[in-house]
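Novice: I'm passing along data_8.pdb; it holds PDB, C-alpha atoms, pLDDT in the B column.
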ATOM      1  CA  MET L   1      27.629   8.790   9.083  1.00 57.00           C
ATOM      2  CA  PRO L   2      24.467  10.694  10.077  1.00 66.00           C
ATOM      3  CA  ALA L   3      21.219   8.731  10.394  1.00 76.00           C
ATOM      4  CA  PRO L   4      19.268   8.560   7.126  1.00 84.00           C
ATOM      5  CA  ARG L   5      16.478  11.146   6.808  1.00 93.00           C
ATOM      6  CA  LEU L   6      13.526   9.249   5.390  1.00 96.00           C
ATOM      7  CA  LEU L   7      10.084  10.872   5.288  1.00 97.00           C
ATOM      8  CA  ALA L   8       6.831   9.049   4.449  1.00 98.00           C
ATOM      9  CA  ARG L   9       3.446  10.732   4.485  1.00 98.00           C
ATOM     10  CA  LEU L  10      -0.160  10.518   3.374  1.00 98.00           C
ATOM     11  CA  THR L  11      -2.082  13.699   2.633  1.00 98.00           C
ATOM     12  CA  VAL L  12      -5.421  14.864   1.279  1.00 98.00           C
ATOM     13  CA  ASP L  13      -3.906  18.176   0.158  1.00 98.00           C
ATOM     14  CA  PRO L  14      -2.434  18.915  -3.273  1.00 98.00           C
ATOM     15  CA  ILE L  15       1.219  17.854  -3.530  1.00 98.00           C
ATOM     16  CA  ASP L  16       3.875  20.548  -4.034  1.00 98.00           C
ATOM     17  CA  PRO L  17       7.012  18.756  -5.309  1.00 97.00           C
ATOM     18  CA  SER L  18       9.287  21.680  -4.475  1.00 97.00           C
ATOM     19  CA  VAL L  19       8.713  21.006  -0.781  1.00 96.00           C
ATOM     20  CA  HIS L  20      10.062  17.473  -1.160  1.00 96.00           C
ATOM     21  CA  LEU L  21      13.022  18.560  -3.271  1.00 96.00           C
ATOM     22  CA  ARG L  22      14.045  20.856  -0.425  1.00 95.00           C
ATOM     23  CA  GLU L  23      13.573  18.056   2.105  1.00 96.00           C
ATOM     24  CA  VAL L  24      16.035  15.736   0.381  1.00 96.00           C
ATOM     25  CA  GLY L  25      18.668  18.269  -0.621  1.00 93.00           C
ATOM     26  CA  ASP L  26      22.126  17.622   0.779  1.00 93.00           C
ATOM     27  CA  PRO L  27      25.339  19.513   0.089  1.00 93.00           C
ATOM     28  CA  GLY L  28      27.274  16.256  -0.131  1.00 92.00           C
ATOM     29  CA  HIS L  29      25.045  14.906  -2.896  1.00 93.00           C
ATOM     30  CA  GLY L  30      25.289  15.507  -6.626  1.00 93.00           C
ATOM     31  CA  ALA L  31      21.966  14.052  -7.762  1.00 94.00           C
ATOM     32  CA  ILE L  32      18.298  14.473  -6.907  1.00 96.00           C
ATOM     33  CA  VAL L  33      15.709  12.313  -8.658  1.00 97.00           C
ATOM     34  CA  LEU L  34      12.032  13.249  -8.416  1.00 98.00           C
ATOM     35  CA  PHE L  35       9.232  10.954  -9.591  1.00 98.00           C
ATOM     36  CA  LEU L  36       5.655  12.218  -9.859  1.00 98.00           C
ATOM     37  CA  GLY L  37       2.701   9.946 -10.495  1.00 98.00           C
ATOM     38  CA  THR L  38      -0.235  11.770 -12.069  1.00 98.00           C
ATOM     39  CA  VAL L  39      -3.856  10.899 -12.777  1.00 97.00           C
ATOM     40  CA  ARG L  40      -4.211   9.731 -16.369  1.00 95.00           C
ATOM     41  CA  GLY L  41      -7.202  10.952 -18.350  1.00 96.00           C
ATOM     42  CA  THR L  42      -7.968   7.682 -20.099  1.00 94.00           C
ATOM     43  CA  ASN L  43      -7.969   4.049 -19.063  1.00 91.00           C
ATOM     44  CA  GLN L  44      -8.793   1.218 -21.460  1.00 89.00           C
ATOM     45  CA  GLY L  45     -10.485   3.584 -23.846  1.00 91.00           C
ATOM     46  CA  ARG L  46     -12.701   5.331 -21.281  1.00 94.00           C
ATOM     47  CA  SER L  47     -12.321   8.989 -20.338  1.00 97.00           C
ATOM     48  CA  VAL L  48     -11.486   9.416 -16.657  1.00 97.00           C
ATOM     49  CA  GLU L  49     -12.801  12.446 -14.740  1.00 97.00           C
ATOM     50  CA  TRP L  50     -11.127  11.821 -11.417  1.00 97.00           C
ATOM     51  CA  ILE L  51      -9.721   9.063  -9.202  1.00 97.00           C
ATOM     52  CA  ASP L  52     -10.743   8.579  -5.589  1.00 98.00           C
ATOM     53  CA  TYR L  53      -7.824   7.153  -3.579  1.00 98.00           C
ATOM     54  CA  HIS L  54      -8.421   5.131  -0.407  1.00 98.00           C
ATOM     55  CA  ALA L  55      -5.915   3.636   2.034  1.00 98.00           C
ATOM     56  CA  PHE L  56      -5.646   1.604   5.204  1.00 98.00           C
ATOM     57  CA  GLU L  57      -3.829   4.610   6.561  1.00 98.00           C
ATOM     58  CA  PRO L  58      -1.762   3.376   9.529  1.00 97.00           C
ATOM     59  CA  MET L  59      -0.555   0.335   7.600  1.00 97.00           C
ATOM     60  CA  ALA L  60       0.054   2.319   4.420  1.00 98.00           C
ATOM     61  CA  ARG L  61       2.152   4.837   6.328  1.00 97.00           C
ATOM     62  CA  SER L  62       4.255   2.163   7.993  1.00 96.00           C
ATOM     63  CA  LEU L  63       4.767   0.281   4.714  1.00 96.00           C
ATOM     64  CA  LEU L  64       5.845   3.461   2.926  1.00 97.00           C
ATOM     65  CA  GLU L  65       8.382   3.869   5.729  1.00 97.00           C
ATOM     66  CA  ALA L  66       9.436   0.237   5.259  1.00 96.00           C
ATOM     67  CA  VAL L  67      10.040   0.815   1.532  1.00 96.00           C
ATOM     68  CA  LEU L  68      12.232   3.823   2.329  1.00 97.00           C
ATOM     69  CA  GLU L  69      14.175   1.856   4.917  1.00 96.00           C
ATOM     70  CA  GLU L  70      14.693  -1.067   2.532  1.00 95.00           C
ATOM     71  CA  ALA L  71      15.897   1.336  -0.162  1.00 95.00           C
ATOM     72  CA  SER L  72      18.249   2.890   2.354  1.00 94.00           C
ATOM     73  CA  ASP L  73      19.685  -0.547   3.134  1.00 94.00           C
ATOM     74  CA  GLN L  74      19.897  -1.746  -0.473  1.00 94.00           C
ATOM     75  CA  PHE L  75      20.999   1.367  -2.317  1.00 94.00           C
ATOM     76  CA  GLY L  76      22.607   3.422   0.434  1.00 92.00           C
ATOM     77  CA  ILE L  77      19.970   6.157   0.131  1.00 93.00           C
ATOM     78  CA  GLU L  78      20.232   8.623   3.022  1.00 92.00           C
ATOM     79  CA  ARG L  79      17.730  11.294   1.991  1.00 96.00           C
ATOM     80  CA  ALA L  80      14.312  10.355   0.647  1.00 97.00           C
ATOM     81  CA  ALA L  81      10.752  11.641   0.900  1.00 98.00           C
ATOM     82  CA  VAL L  82       7.555  10.054  -0.351  1.00 98.00           C
ATOM     83  CA  VAL L  83       4.066  11.503  -0.123  1.00 98.00           C
ATOM     84  CA  HIS L  84       0.906   9.810  -1.409  1.00 98.00           C
ATOM     85  CA  ARG L  85      -2.255  11.822  -1.794  1.00 98.00           C
ATOM     86  CA  LEU L  86      -5.656  10.357  -0.846  1.00 98.00           C
ATOM     87  CA  GLY L  87      -9.213  11.376  -1.703  1.00 98.00           C
ATOM     88  CA  LYS L  88     -10.542  12.725  -4.970  1.00 98.00           C
ATOM     89  CA  ILE L  89      -7.797  13.739  -7.441  1.00 98.00           C
ATOM     90  CA  GLY L  90      -8.458  15.273 -10.850  1.00 97.00           C
ATOM     91  CA  VAL L  91      -6.856  14.341 -14.157  1.00 97.00           C
ATOM     92  CA  GLY L  92      -3.301  15.659 -14.413  1.00 97.00           C
ATOM     93  CA  GLU L  93      -2.925  16.193 -10.682  1.00 98.00           C
ATOM     94  CA  ILE L  94      -0.155  14.503  -8.698  1.00 98.00           C
ATOM     95  CA  SER L  95      -1.087  11.374  -6.749  1.00 98.00           C
ATOM     96  CA  ILE L  96       2.405  10.493  -5.516  1.00 98.00           C
ATOM     97  CA  ALA L  97       5.750  12.246  -5.238  1.00 98.00           C
ATOM     98  CA  LEU L  98       8.984  10.424  -4.491  1.00 98.00           C
ATOM     99  CA  ALA L  99      12.175  12.432  -4.154  1.00 98.00           C
ATOM    100  CA  LEU L 100      15.602  11.273  -3.152  1.00 97.00           C
ATOM    101  CA  SER L 101      19.132  12.508  -3.292  1.00 96.00           C
ATOM    102  CA  SER L 102      22.333  10.584  -3.623  1.00 94.00           C
ATOM    103  CA  PRO L 103      26.027  11.278  -4.217  1.00 93.00           C
ATOM    104  CA  HIS L 104      25.671  10.024  -7.822  1.00 91.00           C
ATOM    105  CA  ARG L 105      22.797   9.558 -10.254  1.00 93.00           C
ATOM    106  CA  ALA L 106      23.045   5.837 -11.074  1.00 94.00           C
ATOM    107  CA  GLU L 107      21.908   4.534  -7.685  1.00 94.00           C
ATOM    108  CA  ALA L 108      19.326   7.322  -7.430  1.00 95.00           C
ATOM    109  CA  PHE L 109      17.580   6.270 -10.662  1.00 96.00           C
ATOM    110  CA  GLU L 110      17.808   2.619  -9.712  1.00 96.00           C
ATOM    111  CA  ALA L 111      16.398   3.247  -6.242  1.00 97.00           C
ATOM    112  CA  VAL L 112      13.454   5.292  -7.504  1.00 97.00           C
ATOM    113  CA  ARG L 113      12.403   2.579  -9.960  1.00 96.00           C
ATOM    114  CA  TRP L 114      12.726  -0.110  -7.283  1.00 96.00           C
ATOM    115  CA  MET L 115      10.815   1.935  -4.706  1.00 97.00           C
ATOM    116  CA  MET L 116       7.905   2.746  -7.030  1.00 97.00           C
ATOM    117  CA  ASP L 117       7.560  -0.926  -7.978  1.00 95.00           C
ATOM    118  CA  ARG L 118       7.634  -1.849  -4.305  1.00 95.00           C
ATOM    119  CA  ILE L 119       5.078   0.800  -3.330  1.00 96.00           C
ATOM    120  CA  LYS L 120       2.679  -0.303  -6.060  1.00 95.00           C
ATOM    121  CA  ARG L 121       2.902  -3.930  -4.937  1.00 94.00           C
ATOM    122  CA  THR L 122       2.888  -3.678  -1.145  1.00 95.00           C
ATOM    123  CA  VAL L 123       1.216  -0.541   0.204  1.00 97.00           C
ATOM    124  CA  PRO L 124      -2.526  -0.868   0.953  1.00 97.00           C
ATOM    125  CA  ILE L 125      -3.864   1.913  -1.250  1.00 98.00           C
ATOM    126  CA  TRP L 126      -6.717   1.563  -3.753  1.00 98.00           C
ATOM    127  CA  LYS L 127      -8.170   3.773  -6.439  1.00 97.00           C
ATOM    128  CA  LYS L 128     -11.619   4.080  -7.901  1.00 97.00           C
ATOM    129  CA  GLU L 129     -11.849   5.729 -11.289  1.00 97.00           C
ATOM    130  CA  SER L 130     -14.884   7.851 -12.149  1.00 97.00           C
ATOM    131  CA  PHE L 131     -15.552   8.118 -15.874  1.00 97.00           C
ATOM    132  CA  GLU L 132     -17.109  10.837 -17.959  1.00 95.00           C
ATOM    133  CA  ASP L 133     -19.835   8.384 -18.988  1.00 93.00           C
ATOM    134  CA  GLY L 134     -20.981   8.341 -15.355  1.00 94.00           C
ATOM    135  CA  GLY L 135     -19.624   4.928 -14.351  1.00 94.00           C
ATOM    136  CA  SER L 136     -16.950   4.153 -11.797  1.00 96.00           C
ATOM    137  CA  ASP L 137     -14.698   1.164 -11.164  1.00 95.00           C
ATOM    138  CA  TRP L 138     -11.995   0.033  -8.773  1.00 96.00           C
ATOM    139  CA  VAL L 139      -8.679  -0.265 -10.578  1.00 95.00           C
ATOM    140  CA  ALA L 140      -7.470  -3.886 -10.615  1.00 92.00           C
ATOM    141  CA  GLY L 141      -4.507  -4.123  -8.286  1.00 92.00           C
ATOM    142  CA  ALA L 142      -1.479  -6.263  -7.518  1.00 91.00           C
ATOM    143  CA  ASP L 143      -1.650  -9.140  -5.067  1.00 90.00           C
ATOM    144  CA  PRO L 144       1.230  -8.588  -2.617  1.00 89.00           C
ATOM    145  CA  ARG L 145       1.492 -12.352  -2.145  1.00 83.00           C
ATOM    146  CA  GLU L 146       2.539 -12.946  -5.735  1.00 75.00           C
ATOM    147  CA  GLY L 147       6.218 -12.739  -6.506  1.00 57.00           C
ATOM    148  CA  ASP L 148       6.450 -11.981 -10.252  1.00 49.00           C
ATOM    149  CA  GLY L 149       9.502 -14.236 -10.431  1.00 43.00           C
ATOM    150  CA  ARG L 150      11.070 -12.754  -7.329  1.00 45.00           C
ATOM    151  CA  PRO L 151      10.521 -14.027  -3.809  1.00 41.00           C
ATOM    152  CA  PRO L 152       7.027 -13.076  -2.650  1.00 48.00           C
ATOM    153  CA  VAL L 153       6.853  -9.609  -1.193  1.00 53.00           C
ATOM    154  CA  ILE L 154       4.848 -10.904   1.699  1.00 52.00           C
ATOM    155  CA  ALA L 155       7.724 -13.061   2.926  1.00 46.00           C
ATOM    156  CA  SER L 156       9.797 -10.020   3.782  1.00 49.00           C
ATOM    157  CA  LEU L 157       6.908  -7.859   4.935  1.00 47.00           C
ATOM    158  CA  ALA L 158       5.367 -10.467   7.209  1.00 41.00           C
ATOM    159  CA  GLY L 159       8.840 -10.364   8.661  1.00 39.00           C
ATOM    160  CA  SER L 160      10.883 -13.031  10.332  1.00 36.00           C
ATOM    161  CA  PRO L 161      13.542 -11.358  12.458  1.00 35.00           C
ATOM    162  CA  GLY L 162      16.983 -11.194  10.969  1.00 34.00           C
ATOM    163  CA  THR L 163      15.997 -11.668   7.345  1.00 36.00           C
ATOM    164  CA  GLY L 164      16.749  -8.875   4.957  1.00 38.00           C
ATOM    165  CA  PRO L 165      14.805  -7.593   1.953  1.00 41.00           C
ATOM    166  CA  ALA L 166      13.474 -10.299  -0.367  1.00 41.00           C
ATOM    167  CA  GLU L 167      15.440  -9.174  -3.392  1.00 43.00           C
ATOM    168  CA  PRO L 168      19.219  -9.132  -3.298  1.00 41.00           C
ATOM    169  CA  LYS L 169      20.935  -6.001  -4.480  1.00 40.00           C
ATOM    170  CA  PRO L 170      21.340  -6.292  -8.255  1.00 41.00           C
TER     171      PRO L 170
ATOM    172  CA  MET S 171     -11.833 -14.966  21.804  1.00 96.00           C
ATOM    173  CA  ARG S 172     -12.727 -11.938  19.755  1.00 97.00           C
ATOM    174  CA  VAL S 173     -11.145 -10.530  16.616  1.00 98.00           C
ATOM    175  CA  ARG S 174     -11.951  -7.311  14.813  1.00 98.00           C
ATOM    176  CA  VAL S 175     -12.264  -7.566  11.033  1.00 98.00           C
ATOM    177  CA  LEU S 176     -11.801  -4.511   8.809  1.00 98.00           C
ATOM    178  CA  PHE S 177     -12.962  -4.249   5.196  1.00 98.00           C
ATOM    179  CA  PHE S 178     -11.432  -1.904   2.617  1.00 98.00           C
ATOM    180  CA  ALA S 179     -12.182  -0.569  -0.862  1.00 97.00           C
ATOM    181  CA  SER S 180     -14.121  -3.063  -3.022  1.00 97.00           C
ATOM    182  CA  TYR S 181     -14.421  -5.505  -0.107  1.00 97.00           C
ATOM    183  CA  ARG S 182     -16.044  -2.749   1.954  1.00 97.00           C
ATOM    184  CA  GLU S 183     -18.631  -2.238  -0.777  1.00 96.00           C
ATOM    185  CA  VAL S 184     -19.270  -5.985  -1.011  1.00 95.00           C
ATOM    186  CA  ALA S 185     -19.573  -6.354   2.753  1.00 96.00           C
ATOM    187  CA  GLY S 186     -21.693  -3.231   3.154  1.00 96.00           C
ATOM    188  CA  ARG S 187     -19.814  -2.272   6.291  1.00 97.00           C
ATOM    189  CA  ASP S 188     -16.421  -0.980   7.471  1.00 97.00           C
ATOM    190  CA  GLU S 189     -15.807  -3.610  10.096  1.00 98.00           C
ATOM    191  CA  THR S 190     -17.280  -6.403  12.165  1.00 97.00           C
ATOM    192  CA  GLU S 191     -16.420  -8.275  15.316  1.00 97.00           C
ATOM    193  CA  VAL S 192     -16.179 -12.065  15.255  1.00 97.00           C
ATOM    194  CA  ILE S 193     -16.207 -14.388  18.239  1.00 97.00           C
ATOM    195  CA  LEU S 194     -14.050 -17.464  17.696  1.00 96.00           C
ATOM    196  CA  PRO S 195     -13.774 -20.625  19.802  1.00 94.00           C
ATOM    197  CA  ASP S 196     -11.098 -20.502  22.474  1.00 93.00           C
ATOM    198  CA  ASP S 197     -10.349 -24.207  22.252  1.00 93.00           C
ATOM    199  CA  GLU S 198      -9.227 -24.565  18.628  1.00 94.00           C
ATOM    200  CA  PRO S 199      -6.747 -22.574  16.538  1.00 96.00           C
ATOM    201  CA  VAL S 200      -8.376 -20.472  13.818  1.00 97.00           C
ATOM    202  CA  SER S 201      -6.321 -19.178  10.898  1.00 97.00           C
ATOM    203  CA  VAL S 202      -6.969 -16.184   8.658  1.00 97.00           C
ATOM    204  CA  ALA S 203      -8.341 -18.619   6.058  1.00 97.00           C
ATOM    205  CA  GLY S 204     -10.601 -20.188   8.683  1.00 97.00           C
ATOM    206  CA  LEU S 205     -11.877 -16.782   9.724  1.00 98.00           C
ATOM    207  CA  VAL S 206     -12.680 -15.868   6.110  1.00 98.00           C
ATOM    208  CA  GLU S 207     -14.519 -19.161   5.707  1.00 97.00           C
ATOM    209  CA  ARG S 208     -16.616 -18.404   8.800  1.00 97.00           C
ATOM    210  CA  LEU S 209     -17.343 -14.878   7.611  1.00 97.00           C
ATOM    211  CA  ARG S 210     -18.447 -16.096   4.184  1.00 97.00           C
ATOM    212  CA  ALA S 211     -20.772 -18.648   5.748  1.00 97.00           C
ATOM    213  CA  SER S 212     -22.221 -16.189   8.269  1.00 95.00           C
ATOM    214  CA  ASP S 213     -23.938 -13.640   6.069  1.00 93.00           C
ATOM    215  CA  PRO S 214     -25.191 -13.382   2.454  1.00 94.00           C
ATOM    216  CA  ALA S 215     -23.288 -10.146   1.817  1.00 94.00           C
ATOM    217  CA  LEU S 216     -20.042 -11.553   3.184  1.00 96.00           C
ATOM    218  CA  SER S 217     -20.440 -14.708   1.091  1.00 96.00           C
ATOM    219  CA  ALA S 218     -19.514 -12.556  -1.913  1.00 96.00           C
ATOM    220  CA  LEU S 219     -16.013 -11.949  -0.512  1.00 96.00           C
ATOM    221  CA  PRO S 220     -13.263 -13.970  -2.195  1.00 96.00           C
ATOM    222  CA  SER S 221     -12.300 -17.188  -0.413  1.00 94.00           C
ATOM    223  CA  ASP S 222      -8.600 -16.247  -0.284  1.00 94.00           C
ATOM    224  CA  PRO S 223      -8.294 -12.458   0.038  1.00 96.00           C
ATOM    225  CA  PRO S 224      -4.994 -10.745   0.821  1.00 96.00           C
ATOM    226  CA  ALA S 225      -5.011 -10.029   4.551  1.00 97.00           C
ATOM    227  CA  ALA S 226      -3.083  -8.248   7.256  1.00 97.00           C
ATOM    228  CA  VAL S 227      -3.029  -9.169  10.939  1.00 97.00           C
ATOM    229  CA  ASN S 228      -2.264  -6.269  13.262  1.00 97.00           C
ATOM    230  CA  ARG S 229      -1.219  -4.201  10.235  1.00 96.00           C
ATOM    231  CA  ALA S 230       1.343  -6.608   8.783  1.00 95.00           C
ATOM    232  CA  TRP S 231       0.683  -8.721   5.685  1.00 95.00           C
ATOM    233  CA  ALA S 232      -0.173 -12.224   6.847  1.00 95.00           C
ATOM    234  CA  PRO S 233      -0.378 -15.520   4.934  1.00 94.00           C
ATOM    235  CA  PRO S 234      -3.713 -17.429   5.051  1.00 95.00           C
ATOM    236  CA  GLY S 235      -2.308 -19.935   7.554  1.00 95.00           C
ATOM    237  CA  THR S 236      -1.581 -17.275  10.193  1.00 96.00           C
ATOM    238  CA  VAL S 237      -3.194 -18.366  13.460  1.00 97.00           C
ATOM    239  CA  LEU S 238      -5.245 -15.677  15.197  1.00 98.00           C
ATOM    240  CA  GLY S 239      -5.173 -14.622  18.830  1.00 97.00           C
ATOM    241  CA  ASP S 240      -7.616 -12.789  21.077  1.00 97.00           C
ATOM    242  CA  GLY S 241      -7.856  -9.104  20.217  1.00 98.00           C
ATOM    243  CA  ASP S 242      -6.234  -9.407  16.803  1.00 98.00           C
ATOM    244  CA  GLU S 243      -7.180  -6.926  14.103  1.00 98.00           C
ATOM    245  CA  VAL S 244      -7.618  -8.651  10.750  1.00 98.00           C
ATOM    246  CA  ALA S 245      -7.829  -6.410   7.679  1.00 98.00           C
ATOM    247  CA  LEU S 246      -9.095  -7.867   4.403  1.00 98.00           C
ATOM    248  CA  LEU S 247      -7.292  -5.912   1.705  1.00 97.00           C
ATOM    249  CA  PRO S 248      -8.061  -6.129  -2.031  1.00 97.00           C
ATOM    250  CA  PRO S 249      -5.080  -6.296  -4.380  1.00 96.00           C
ATOM    251  CA  VAL S 250      -3.372  -2.921  -4.034  1.00 97.00           C
ATOM    252  CA  ALA S 251      -3.252  -0.156  -6.637  1.00 96.00           C
ATOM    253  CA  GLY S 252      -1.405   2.827  -5.211  1.00 95.00           C
ATOM    254  CA  GLY S 253       0.826   5.193  -7.098  1.00 94.00           C
TER     255      GLY S 253
END
Starting from the file, lay out its structure as structure tokens.

Specialist:
Amino acid sequence: MPAPRLLARLTVDPIDPSVHLREVGDPGHGAIVLFLGTVRGTNQGRSVEWIDYHAFEPMARSLLEAVLEEASDQFGIERAAVVHRLGKIGVGEISIALALSSPHRAEAFEAVRWMMDRIKRTVPIWKKESFEDGGSDWVAGADPREGDGRPPVIASLAGSPGTGPAEPKP
Amino acid sequence: MRVRVLFFASYREVAGRDETEVILPDDEPVSVAGLVERLRASDPALSALPSDPPAAVNRAWAPPGTVLGDGDEVALLPPVAGG
């Protein structure tokens, strides 16, 4: 079996999803799933003008790679690409694209949901919303040390050798 | 020994700086939690940091009890909100 092709990136440029669809295409696969996260124009009743995304870039990049590798192990995903945009992003623009291909659709859908949850809980990225009323606020985030009923994310990310992902394959 | 401390996002605004260097005693183990306690006691701006922030040591998430070594990079990372 060829080595998995897993691509993780951060960018300040606008995201073009078609690029990532081409990256994950594989003649042996019958399903591609693409998820796009976009900037929402309202939050808790306030009108949002833009979101400014910040990251601890080297760690964010390596944890995006870790999420792809874990998904490869758990779901057998061999082709996946994720790109997260940083900097100021306007309403309706894409902040994250995640594309993957798989022989069949069931594991592709399952993997995308799992990966997005994992990214939102573990990757050091933050966003500050700027509102039309002139204010701005950091969006409340998720503490990677809390497990939401599953084993804490940090246990697998802090990494003792030989232990697998925290969650068993469903 | 010396450790480099990095601040991000809301913690950077609270601290009023991107990073700082801290000199720790060589003769007693200091954990991430101990470092945060020292930081909070050292400076009025830093006293506004939470007492138990999420942290990474050398770019891996690290529990508060993680013992630090000379040259470590400790990043204090607010709860994350990517996507």

Novice: Considering only C-alpha atoms, state which residue in the set L:Gly25, L:Ala55, L:Arg9, L:Val48 is at the smallest distance from S:Ala245.

Specialist: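 Among L:Gly25, L:Ala55, L:Arg9, L:Val48, it is L:Ala55 that comes nearest to S:Ala245.
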
Novice: Find the residues in chain S near chain L: any atom within 12 Å counts, using all atoms listed in the file. Write them as a PyMOL selection string.

Specialist: chain S and resi 176-183+188+222-234+236+243-253

Novice: So which residues get picked by the PyMOL selection byres ((chain L and resi 26) around 9) here, written as a PyMOL selection string?

Specialist: chain L and resi 22-25+27-30+79+101-103

Novice: Taking the file as shown, find all residues satisfying the PyMOL selection byres ((chain L and resi 20) around 10) and write them as an MDAnalysis selection string.

Specialist: chainID L and resid 7 15:19 21:25 34 80:83 97:100

Novice: Generate the output file for the selected residues, C-alpha atoms, as a short mmCIF file (atom, residue, chain, number, x, y, z; two decimals), keeping the file's coordinate frame.

Specialist:
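Once written, selection-v9.cif looks like this:
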data_model
loop_
_atom_site.label_atom_id
_atom_site.label_comp_id
_atom_site.auth_asym_id
_atom_site.auth_seq_id
_atom_site.Cartn_x
_atom_site.Cartn_y
_atom_site.Cartn_z
CA LEU L 7 10.08 10.87 5.29
CA ILE L 15 1.22 17.85 -3.53
CA ASP L 16 3.88 20.55 -4.03
CA PRO L 17 7.01 18.76 -5.31
CA SER L 18 9.29 21.68 -4.47
CA VAL L 19 8.71 21.01 -0.78
CA LEU L 21 13.02 18.56 -3.27
CA ARG L 22 14.04 20.86 -0.42
CA GLU L 23 13.57 18.06 2.10
CA VAL L 24 16.04 15.74 0.38
CA GLY L 25 18.67 18.27 -0.62
CA LEU L 34 12.03 13.25 -8.42
CA ALA L 80 14.31 10.36 0.65
CA ALA L 81 10.75 11.64 0.90
CA VAL L 82 7.56 10.05 -0.35
CA VAL L 83 4.07 11.50 -0.12
CA ALA L 97 5.75 12.25 -5.24
CA LEU L 98 8.98 10.42 -4.49
CA ALA L 99 12.18 12.43 -4.15
CA LEU L 100 15.60 11.27 -3.15
#

Novice: Go ahead and compute the interatomic distance for atom CA of L:Ser72 and atom CA of L:Arg118, in Å to one decimal.

Specialist: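 For atom CA of L:Ser72 relative to atom CA of L:Arg118, the distance reads 13.4 Å.
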
Novice: Quick check, in Å to one decimal: how far apart do atom CA of L:Asp133 and atom CA of L:Arg46 lie?

Specialist: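 It comes out at 8.1 Å.
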
Novice: Please provide the set of residues having any atom within 10 Å of S:Val200, restricted to only C-alpha atoms, with same-chain residues fewer than 6 positions apart removed, written as a PDB file with C-alpha atoms, in the coordinates of the input.

Specialist:
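What ended up in around.pdb:
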ATOM      1  CA  LEU S 194     -14.050 -17.464  17.696  1.00 96.00           C
ATOM      2  CA  VAL S 206     -12.680 -15.868   6.110  1.00 98.00           C
ATOM      3  CA  ARG S 208     -16.616 -18.404   8.800  1.00 97.00           C
ATOM      4  CA  GLY S 235      -2.308 -19.935   7.554  1.00 95.00           C
ATOM      5  CA  THR S 236      -1.581 -17.275  10.193  1.00 96.00           C
ATOM      6  CA  VAL S 237      -3.194 -18.366  13.460  1.00 97.00           C
ATOM      7  CA  LEU S 238      -5.245 -15.677  15.197  1.00 98.00           C
ATOM      8  CA  GLY S 239      -5.173 -14.622  18.830  1.00 97.00           C
TER       9      GLY S 239
END

Novice: Give me the box for stretch 101-120 of chain L as AutoDock Vina command-line options, namely the centre and edge lengths in Å to one decimal of a box along x, y and z that holds every listed atom plus 4 Å on each side.

Specialist:
--center_x 14.4 --center_y 5.3 --center_z -7.2 --size_x 31.3 --size_y 22.4 --size_z 15.8

Novice: Could you tell me how far atom CA of L:Gly45 sits from atom CA of L:Ser130, in Å to one decimal place?

Specialist: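 That distance, rounded to one decimal, is 13.2 Å.
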
Novice: Would you mind telling me which residue in L:Glu110, L:Arg5, L:Ile51, L:Gly87 lies nearest to L:Glu69 when using only C-alpha atoms?

Specialist: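 Of L:Glu110, L:Arg5, L:Ile51, L:Gly87, the one nearest L:Glu69, counting only C-alpha atoms, is L:Arg5.
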
Novice: Neighbours of S:Met171 within 12 Å (only C-alpha atoms; same-chain residues fewer than 2 positions away dropped), as an NGL selection string?

Specialist: :S and (173-174 or 191-200 or 238-242)
